[in-house]
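Asks: Please find run_17.cif (mmCIF, C-alpha atoms and all ligand atoms) on the next line:
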data_model
loop_
_atom_site.label_atom_id
_atom_site.label_comp_id
_atom_site.auth_asym_id
_atom_site.auth_seq_id
_atom_site.Cartn_x
_atom_site.Cartn_y
_atom_site.Cartn_z
CA MET A 1 -25.94 127.25 -55.55
CA ALA A 2 -28.85 124.86 -54.78
CA MET A 3 -31.29 124.18 -57.66
CA LYS A 4 -34.77 122.65 -57.72
CA VAL A 5 -34.96 119.49 -59.86
CA ARG A 6 -37.44 116.61 -60.25
CA ASP A 7 -34.95 113.86 -59.40
CA PRO A 8 -31.71 115.16 -57.92
CA LEU A 9 -29.75 112.02 -58.81
CA LEU A 10 -28.05 111.76 -62.18
CA PHE A 11 -27.26 108.08 -62.67
CA ARG A 12 -25.62 106.30 -65.60
CA GLN A 13 -24.62 102.65 -65.88
CA LEU A 14 -21.87 102.02 -68.43
CA PHE A 15 -20.58 98.66 -69.69
CA ASP A 16 -17.21 97.43 -70.95
CA ARG A 17 -17.75 94.51 -73.33
CA GLU A 18 -14.16 93.22 -73.02
CA SER A 19 -14.13 92.67 -69.25
CA TYR A 20 -17.91 92.66 -68.65
CA THR A 21 -17.38 95.49 -66.20
CA TYR A 22 -19.97 98.03 -65.11
CA THR A 23 -18.91 101.61 -64.37
CA TYR A 24 -21.31 103.99 -62.64
CA LEU A 25 -21.53 107.77 -62.92
CA LEU A 26 -23.51 109.57 -60.21
CA ALA A 27 -24.01 113.30 -59.73
CA ASP A 28 -26.13 115.66 -57.63
CA LEU A 29 -28.24 117.84 -59.96
CA ARG A 30 -29.29 120.14 -57.11
CA PHE A 31 -25.97 121.92 -57.50
CA GLU A 32 -25.06 124.05 -60.48
CA ASP A 33 -21.67 122.38 -60.93
CA LYS A 34 -23.21 118.87 -60.59
CA PRO A 35 -20.64 117.26 -58.25
CA ALA A 36 -20.04 113.67 -59.35
CA VAL A 37 -18.33 110.36 -58.65
CA LEU A 38 -17.36 107.55 -61.01
CA ILE A 39 -17.35 104.04 -59.56
CA ASP A 40 -15.08 101.33 -61.02
CA PRO A 41 -13.93 102.96 -64.27
CA VAL A 42 -11.93 100.83 -66.74
CA ASP A 43 -8.68 102.18 -68.24
CA THR A 44 -9.66 101.39 -71.85
CA GLN A 45 -12.97 103.25 -71.45
CA VAL A 46 -11.64 106.48 -69.97
CA GLN A 47 -12.19 108.45 -73.20
CA ARG A 48 -15.83 107.27 -73.28
CA ASP A 49 -16.23 108.36 -69.64
CA LEU A 50 -14.57 111.76 -70.18
CA LYS A 51 -16.82 112.43 -73.19
CA LEU A 52 -19.93 111.70 -71.15
CA ILE A 53 -18.69 113.75 -68.20
CA ASN A 54 -18.13 116.66 -70.57
CA GLU A 55 -21.48 116.25 -72.35
CA LEU A 56 -23.43 116.09 -69.09
CA GLY A 57 -21.46 118.98 -67.60
CA VAL A 58 -20.76 117.20 -64.32
CA HIS A 59 -17.81 117.99 -62.08
CA LEU A 60 -16.00 114.77 -61.27
CA LEU A 61 -14.64 114.75 -57.74
CA TYR A 62 -13.73 111.12 -57.10
CA GLY A 63 -12.71 108.01 -59.03
CA MET A 64 -13.90 105.27 -56.70
CA ASN A 65 -12.65 101.68 -56.66
CA THR A 66 -14.66 98.95 -54.96
CA HIS A 67 -11.47 96.85 -54.78
CA VAL A 68 -8.18 95.94 -56.47
CA HIS A 69 -9.48 94.35 -59.66
CA ALA A 70 -7.69 91.34 -61.12
CA ASP A 71 -9.25 91.21 -64.60
CA HIS A 72 -8.78 94.77 -65.90
CA VAL A 73 -6.89 97.94 -65.03
CA THR A 74 -8.87 100.61 -63.19
CA GLY A 75 -9.37 103.91 -65.02
CA THR A 76 -8.75 106.05 -61.96
CA GLY A 77 -5.07 106.65 -62.79
CA LEU A 78 -5.79 107.92 -66.33
CA LEU A 79 -8.73 110.00 -65.10
CA LYS A 80 -6.47 111.76 -62.62
CA ARG A 81 -4.06 112.56 -65.45
CA GLU A 82 -6.87 114.06 -67.58
CA LEU A 83 -8.75 115.85 -64.77
CA SER A 84 -6.24 117.09 -62.24
CA THR A 85 -8.78 117.66 -59.46
CA VAL A 86 -10.02 114.06 -59.42
CA GLN A 87 -8.98 111.98 -56.41
CA SER A 88 -8.65 108.20 -56.47
CA VAL A 89 -10.38 106.29 -53.69
CA ILE A 90 -10.04 102.72 -52.37
CA SER A 91 -10.19 100.97 -49.00
CA LYS A 92 -7.26 101.19 -46.62
CA ALA A 93 -7.55 97.42 -46.24
CA SER A 94 -6.72 96.97 -49.94
CA GLY A 95 -3.12 98.05 -49.30
CA ALA A 96 -3.21 99.96 -52.63
CA LYS A 97 -1.80 103.45 -53.21
CA ALA A 98 -4.52 106.10 -53.65
CA ASP A 99 -5.35 109.70 -52.79
CA ILE A 100 -8.00 108.63 -50.29
CA HIS A 101 -7.98 105.44 -48.22
CA LEU A 102 -11.35 104.61 -46.74
CA GLU A 103 -11.85 103.07 -43.33
CA PRO A 104 -15.03 101.01 -42.77
CA TYR A 105 -18.21 103.14 -42.78
CA GLU A 106 -16.42 106.31 -43.91
CA LYS A 107 -18.45 108.54 -46.22
CA ILE A 108 -17.65 110.21 -49.52
CA TYR A 109 -19.86 113.23 -50.24
CA PHE A 110 -20.80 114.60 -53.66
CA GLY A 111 -23.30 117.40 -53.18
CA ASN A 112 -25.94 116.25 -50.72
CA PHE A 113 -25.47 112.60 -51.62
CA TYR A 114 -22.94 110.40 -49.95
CA LEU A 115 -21.56 106.89 -50.38
CA GLU A 116 -21.02 104.90 -47.22
CA ALA A 117 -18.13 102.42 -47.49
CA ARG A 118 -19.32 99.14 -46.03
CA PRO A 119 -16.58 96.54 -45.60
CA THR A 120 -17.47 93.44 -47.66
CA PRO A 121 -14.23 91.40 -47.79
CA GLY A 122 -14.06 87.82 -49.02
CA HIS A 123 -13.49 88.19 -52.79
CA THR A 124 -10.48 90.31 -51.81
CA ALA A 125 -9.49 91.50 -48.35
CA GLY A 126 -10.21 95.14 -49.19
CA CYS A 127 -13.57 94.90 -50.96
CA LEU A 128 -16.06 97.67 -50.24
CA THR A 129 -19.75 98.02 -51.01
CA TYR A 130 -20.72 101.65 -51.54
CA VAL A 131 -24.21 102.44 -50.24
CA LEU A 132 -25.85 105.60 -51.59
CA TYR A 133 -27.72 107.93 -49.23
CA ASP A 134 -29.25 111.37 -49.64
CA SER A 135 -28.41 113.59 -46.66
CA LYS A 136 -31.12 116.11 -47.65
CA PRO A 137 -34.10 114.30 -49.13
CA SER A 138 -36.92 116.05 -50.96
CA ASN A 139 -38.39 118.18 -48.16
CA GLY A 140 -34.99 119.80 -47.96
CA THR A 141 -34.49 119.28 -44.25
CA ALA A 142 -31.34 117.55 -43.10
CA THR A 143 -32.21 115.20 -40.27
CA ALA A 144 -30.06 113.58 -37.63
CA THR A 145 -31.34 110.09 -38.44
CA PRO A 146 -29.84 108.19 -41.37
CA GLN A 147 -31.95 108.21 -44.53
CA GLU A 148 -33.12 105.10 -46.36
CA PRO A 149 -30.49 103.95 -48.85
CA ARG A 150 -31.51 104.02 -52.51
CA MET A 151 -28.93 101.79 -54.12
CA ALA A 152 -25.67 100.02 -53.40
CA PHE A 153 -22.62 99.24 -55.54
CA THR A 154 -21.44 95.80 -54.54
CA GLY A 155 -18.25 95.42 -56.59
CA ASP A 156 -17.47 91.71 -56.86
CA ALA A 157 -18.78 90.80 -53.40
CA LEU A 158 -22.26 90.19 -54.74
CA LEU A 159 -22.95 89.59 -58.43
CA ILE A 160 -26.48 89.18 -59.79
CA ARG A 161 -27.41 85.57 -58.87
CA GLY A 162 -23.76 84.97 -58.01
CA CYS A 163 -20.75 86.32 -56.14
CA GLY A 164 -17.07 87.00 -56.59
CA ARG A 165 -14.68 84.07 -56.64
CA THR A 166 -12.58 83.48 -53.53
CA ASP A 167 -9.57 81.58 -54.84
CA PHE A 168 -6.94 84.37 -54.95
CA GLN A 169 -6.11 87.88 -53.56
CA GLN A 170 -6.76 86.79 -49.95
CA GLY A 171 -10.12 85.42 -51.02
CA ASN A 172 -12.04 83.64 -48.28
CA ALA A 173 -15.47 82.11 -48.83
CA GLU A 174 -16.49 82.15 -45.16
CA VAL A 175 -15.57 85.83 -44.87
CA LEU A 176 -17.50 86.61 -48.07
CA TYR A 177 -20.63 84.86 -46.82
CA GLU A 178 -20.49 86.79 -43.52
CA SER A 179 -19.85 90.09 -45.33
CA VAL A 180 -22.83 89.77 -47.65
CA HIS A 181 -25.20 88.61 -44.95
CA LYS A 182 -24.10 91.32 -42.51
CA HIS A 183 -23.65 94.31 -44.80
CA ILE A 184 -25.76 93.76 -47.93
CA PHE A 185 -28.64 91.47 -46.99
CA THR A 186 -29.46 93.76 -44.03
CA LEU A 187 -30.22 96.69 -46.35
CA PRO A 188 -33.94 97.32 -47.03
CA ASP A 189 -35.40 94.71 -49.39
CA ASP A 190 -36.06 97.21 -52.19
CA THR A 191 -32.51 98.59 -52.25
CA LEU A 192 -31.23 98.38 -55.82
CA LEU A 193 -27.95 96.47 -56.14
CA TYR A 194 -25.46 97.22 -58.88
CA PRO A 195 -22.48 94.85 -59.31
CA ALA A 196 -19.08 95.46 -60.91
CA HIS A 197 -19.65 92.69 -63.47
CA ASP A 198 -22.32 90.70 -65.16
CA TYR A 199 -21.57 87.93 -67.63
CA HIS A 200 -25.19 87.22 -68.64
CA GLY A 201 -26.62 90.56 -69.77
CA ARG A 202 -28.29 91.50 -66.48
CA SER A 203 -27.94 95.00 -65.11
CA VAL A 204 -29.55 95.37 -61.68
CA THR A 205 -31.09 93.39 -58.85
CA THR A 206 -32.51 94.02 -55.37
CA VAL A 207 -31.72 92.80 -51.88
CA GLU A 208 -35.01 90.91 -51.80
CA GLU A 209 -34.32 89.09 -55.08
CA GLU A 210 -30.83 88.03 -54.06
CA LYS A 211 -31.87 86.83 -50.61
CA LYS A 212 -34.43 84.64 -52.37
CA TRP A 213 -32.83 83.63 -55.66
CA ASN A 214 -29.05 83.88 -55.37
CA PRO A 215 -28.00 80.27 -56.00
CA ARG A 216 -24.93 80.61 -53.76
CA LEU A 217 -25.63 83.23 -51.09
CA SER A 218 -29.22 82.26 -50.30
CA LYS A 219 -27.95 78.88 -49.05
CA SER A 220 -26.61 77.96 -45.62
CA LYS A 221 -23.00 78.83 -44.91
CA GLU A 222 -21.98 75.16 -45.16
CA GLU A 223 -23.63 74.77 -48.58
CA PHE A 224 -22.07 78.03 -49.74
CA LEU A 225 -18.57 76.87 -48.71
CA SER A 226 -18.99 73.65 -50.62
CA ILE A 227 -20.27 75.49 -53.75
CA MET A 228 -17.29 77.84 -53.67
CA LYS A 229 -14.86 74.96 -53.17
CA GLU A 230 -16.20 73.25 -56.27
CA LEU A 231 -15.93 76.34 -58.54
CA LYS A 232 -13.39 75.59 -61.21
CA MET A 233 -12.50 78.83 -62.94
CA ASP A 234 -9.47 79.83 -65.00
CA TYR A 235 -7.51 82.75 -63.62
CA PRO A 236 -8.41 86.08 -65.26
CA LYS A 237 -6.32 86.51 -68.41
CA LEU A 238 -4.96 89.91 -67.38
CA ILE A 239 -4.27 89.18 -63.71
CA ASP A 240 -0.46 89.53 -63.83
CA PHE A 241 -0.71 92.77 -65.76
CA ALA A 242 -3.65 94.27 -63.84
CA LEU A 243 -2.75 93.60 -60.20
CA PRO A 244 0.47 95.66 -59.94
CA ARG A 245 -1.16 98.58 -61.76
CA ASN A 246 -4.28 98.43 -59.63
CA MET A 247 -2.14 98.41 -56.49
CA ARG A 248 -1.41 102.03 -57.47
CA CYS A 249 -5.01 102.71 -58.58
CA GLY A 250 -4.13 102.58 -62.27
CA VAL A 251 -1.44 105.27 -62.28
CA PRO A 252 0.51 104.19 -65.41
CA ASP A 253 4.06 104.51 -64.03
CA GLU A 254 5.54 104.84 -60.59
CA GLN A 255 5.18 108.61 -59.95
N1 LIG B 301 -12.80 85.24 -67.65
C1 LIG B 301 -12.50 86.50 -67.07
C2 LIG B 301 -12.53 86.46 -65.56
C3 LIG B 301 -13.84 86.00 -64.99
C4 LIG B 301 -13.75 86.08 -63.46
O1 LIG B 301 -12.93 85.42 -62.85
N2 LIG B 301 -14.58 86.94 -62.85
C5 LIG B 301 -14.44 87.22 -61.45
C6 LIG B 301 -14.61 88.70 -61.23
S1 LIG B 301 -13.29 89.56 -62.00
S2 LIG B 301 -11.74 89.00 -60.85
C7 LIG B 301 -15.41 86.47 -60.58
O2 LIG B 301 -15.33 86.57 -59.38
N3 LIG B 301 -16.32 85.70 -61.16
C8 LIG B 301 -17.25 84.91 -60.40
C9 LIG B 301 -18.21 84.20 -61.28
O3 LIG B 301 -18.93 83.35 -60.73
O4 LIG B 301 -18.26 84.49 -62.48
C10 LIG B 301 -11.13 87.00 -67.47
O5 LIG B 301 -10.31 86.20 -67.96
O6 LIG B 301 -10.85 88.17 -67.24
#
For the file at hand, write its structure as C-alpha cells.
Ligand SMILES: N[C@@H](CCC(=O)N[C@@H](CSS)C(=O)NCC(=O)O)C(=O)O
Replies:
Amino acid sequence: MAMKVRDPLLFRQLFDRESYTYTYLLADLRFEDKPAVLIDPVDTQVQRDLKLINELGVHLLYGMNTHVHADHVTGTGLLKRELSTVQSVISKASGAKADIHLEPYEKIYFGNFYLEARPTPGHTAGCLTYVLYDSKPSNGTATATPQEPRMAFTGDALLIRGCGRTDFQQGNAEVLYESVHKHIFTLPDDTLLYPAHDYHGRSVTTVEEEKKWNPRLSKSKEEFLSIMKELKMDYPKLIDFALPRNMRCGVPDEQ
C-alpha cells in the first residue's frame, strides 16, 4: 500500500572501523513494508545491520555488492542465511557466484526507487557504480523520461579525493580513468557520491567537487597513469582469505 511521507527515501550510512568500509541501507518509505537494499555489507557487521533492519522495520530485498572486495569479506552470504528472502547481487563481469548477476545498465527496484548498474571497471574488471533514481517523484506521476539521479554508490572506482588501486584483480588504470569520466563525471554536478571506503574520516562528496579537486582523476589521462604507476601500496592484509569467499558473495562454505 502506498503511503504519503515527507521524504520517501530512508538512507543510512554505516562504517566498519576495521576495514574502513561504508555500508549503505536504503528503503522506500512510501510502502508499508519499506522495501530495502543494503549496499556493500561487511561480514563482521552483519549483526549490527540486522539489528538496524529490525529496528527500522524495513524489508530487505537485496544484498548488493559493488565488486569482489579484496580487503574484507562481504556480508551478503551471512545475510542470506539470516534472512532467507534476501538475494545477493553482483555484476556478471565479476565472475562471482550470486543470486543475481547484473549486466551493464540493468536496474534493481526497491519500491519506486531503483539502482542503475553503471559499469565502472578499472579497480576490478567487474566494478559497478549504483546510481539511485526515483521512478515516481513527488507529484506521483511516473514519466517516460529518466529522472534526475540523487546519489551514486561508487564502490572503489571513485573514492573521496582518490580512487581504487589498479595493481591486482584485473586492475587497469586506463580503464578506470575512462570509466569514471564516462559514467560518474557525466552525472549532474550536484549528485552525491558515496564510496565503499574512506581512510580519512570523510563521508560524502559530489560530482562537481571530484571533477575539480580529485588529485588523481581531475588530471589528464597521462598524468593519471603516471600517478597510479607510482602508487606503492601493500597488498590488503586479508586478500587471500577474502577473495575466494567473495567469489561466492560471502557464502561461508561451498553450498
Ligand atoms: N590497508 C588495507 C587496504 C587498503 C587498500 O588497498 N585499499 C584499497 C581499497 S580496498 S581493496 C584501495 O584501492 N585504496 C586506494 C587508496 O588510494 O587508498 C588493508 O590491508 O586491508
Asks: Residues of region 116-189 of chain A that have any atom at most 10 Å from an atom of region 85-107 of chain A: could you tabulate them with the shortest-distance atom pair and the distance in Å to one decimal, using all atoms listed in the file, ordered by chain and increasing number, as CSV?
Replies:
residue,atom,partner,partner_atom,distance
A:Glu116,CA,A:Lys107,CA,4.6
A:Ala117,CA,A:Tyr105,CA,4.8
A:Arg118,CA,A:Tyr105,CA,5.3
A:Pro119,CA,A:Pro104,CA,5.5
A:Thr120,CA,A:Pro104,CA,9.3
A:Pro121,CA,A:Ala93,CA,9.1
A:Thr124,CA,A:Ser94,CA,7.9
A:Ala125,CA,A:Ser94,CA,6.3
A:Gly126,CA,A:Ser94,CA,4.0
A:Cys127,CA,A:Ser91,CA,7.2
A:Leu128,CA,A:Ser91,CA,6.8
A:Thr129,CA,A:Tyr105,CA,9.8
A:Tyr130,CA,A:Lys107,CA,9.0
A:Val131,CA,A:Lys107,CA,9.3
A:Leu132,CA,A:Lys107,CA,9.6
A:Tyr133,CA,A:Lys107,CA,9.8
A:Gln169,CA,A:Ser94,CA,9.8
Asks: Please write out the residues within 9 Å of ligand LIG 301 (chain B) as a PDB file with C-alpha atoms, in the coordinates of the input, counting all atoms listed in the file.
Replies:
ATOM      1  CA  GLU A  18     -14.160  93.220 -73.020  1.00  0.00           C
ATOM      2  CA  SER A  19     -14.130  92.670 -69.250  1.00  0.00           C
ATOM      3  CA  TYR A  20     -17.910  92.660 -68.650  1.00  0.00           C
ATOM      4  CA  THR A  21     -17.380  95.490 -66.200  1.00  0.00           C
ATOM      5  CA  VAL A  68      -8.180  95.940 -56.470  1.00  0.00           C
ATOM      6  CA  HIS A  69      -9.480  94.350 -59.660  1.00  0.00           C
ATOM      7  CA  ALA A  70      -7.690  91.340 -61.120  1.00  0.00           C
ATOM      8  CA  ASP A  71      -9.250  91.210 -64.600  1.00  0.00           C
ATOM      9  CA  HIS A  72      -8.780  94.770 -65.900  1.00  0.00           C
ATOM     10  CA  HIS A 123     -13.490  88.190 -52.790  1.00  0.00           C
ATOM     11  CA  GLY A 155     -18.250  95.420 -56.590  1.00  0.00           C
ATOM     12  CA  ASP A 156     -17.470  91.710 -56.860  1.00  0.00           C
ATOM     13  CA  ALA A 157     -18.780  90.800 -53.400  1.00  0.00           C
ATOM     14  CA  LEU A 159     -22.950  89.590 -58.430  1.00  0.00           C
ATOM     15  CA  ARG A 161     -27.410  85.570 -58.870  1.00  0.00           C
ATOM     16  CA  GLY A 162     -23.760  84.970 -58.010  1.00  0.00           C
ATOM     17  CA  CYS A 163     -20.750  86.320 -56.140  1.00  0.00           C
ATOM     18  CA  GLY A 164     -17.070  87.000 -56.590  1.00  0.00           C
ATOM     19  CA  ARG A 165     -14.680  84.070 -56.640  1.00  0.00           C
ATOM     20  CA  THR A 166     -12.580  83.480 -53.530  1.00  0.00           C
ATOM     21  CA  ASP A 167      -9.570  81.580 -54.840  1.00  0.00           C
ATOM     22  CA  PHE A 168      -6.940  84.370 -54.950  1.00  0.00           C
ATOM     23  CA  ALA A 196     -19.080  95.460 -60.910  1.00  0.00           C
ATOM     24  CA  HIS A 197     -19.650  92.690 -63.470  1.00  0.00           C
ATOM     25  CA  ASP A 198     -22.320  90.700 -65.160  1.00  0.00           C
ATOM     26  CA  TYR A 199     -21.570  87.930 -67.630  1.00  0.00           C
ATOM     27  CA  LEU A 231     -15.930  76.340 -58.540  1.00  0.00           C
ATOM     28  CA  MET A 233     -12.500  78.830 -62.940  1.00  0.00           C
ATOM     29  CA  ASP A 234      -9.470  79.830 -65.000  1.00  0.00           C
ATOM     30  CA  TYR A 235      -7.510  82.750 -63.620  1.00  0.00           C
ATOM     31  CA  PRO A 236      -8.410  86.080 -65.260  1.00  0.00           C
ATOM     32  CA  LYS A 237      -6.320  86.510 -68.410  1.00  0.00           C
ATOM     33  CA  LEU A 238      -4.960  89.910 -67.380  1.00  0.00           C
ATOM     34  CA  ILE A 239      -4.270  89.180 -63.710  1.00  0.00           C
TER      35      ILE A 239
END
Asks: To one decimal in Å, tell me the separation between CA of Asp40 (chain A) and CA of Met151 (chain A).
Replies: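 That distance, rounded to one decimal, is 15.5 Å.
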Asks: What's the separation between CA of Glu174 (chain A) and CA of Lys221 (chain A), in Å to one decimal place?
Replies: 7.3 Å
Asks: Please compute the CA of His59 (chain A)-CA of Ala36 (chain A) distance, one decimal, in Å.
Replies: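 Value for the CA of His59 (chain A)-CA of Ala36 (chain A) distance: 5.6 Å.
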Asks: Looking at only C-alpha atoms, which of A:Asn246, A:Ser203, A:Ser138, A:Ser226 is the one that sits closest to Gln13 (chain A)?
Replies: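 Between A:Asn246, A:Ser203, A:Ser138, A:Ser226, the residue approaching Gln13 (chain A) most closely is A:Ser203.
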Asks: Counting all atoms listed in the file, which residues have an atom no more than 12 Å from (-33.4, 86.1, -55.3) in the file's coordinates? Please list them as a VMD selection string.
Replies: chain A and resid 158 to 162 185 189 to 190 193 204 to 219
Asks: Residues at most 8 Å from Val46 (chain A), counting all atoms listed in the file, excluding those fewer than 3 positions away in the same chain, as number ranges by chain?
Replies: A: 41-43, 49-50, 75, 78-79
Asks: How would the residues just chosen look if you wrote them out with C-alpha atoms as a short mmCIF file (atom, residue, chain, number, x, y, z; two decimals), keeping the file's coordinate frame?
Replies:
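Saved the output as part.cif:
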data_model
loop_
_atom_site.label_atom_id
_atom_site.label_comp_id
_atom_site.auth_asym_id
_atom_site.auth_seq_id
_atom_site.Cartn_x
_atom_site.Cartn_y
_atom_site.Cartn_z
CA PRO A 41 -13.93 102.96 -64.27
CA VAL A 42 -11.93 100.83 -66.74
CA ASP A 43 -8.68 102.18 -68.24
CA ASP A 49 -16.23 108.36 -69.64
CA LEU A 50 -14.57 111.76 -70.18
CA GLY A 75 -9.37 103.91 -65.02
CA LEU A 78 -5.79 107.92 -66.33
CA LEU A 79 -8.73 110.00 -65.10
#
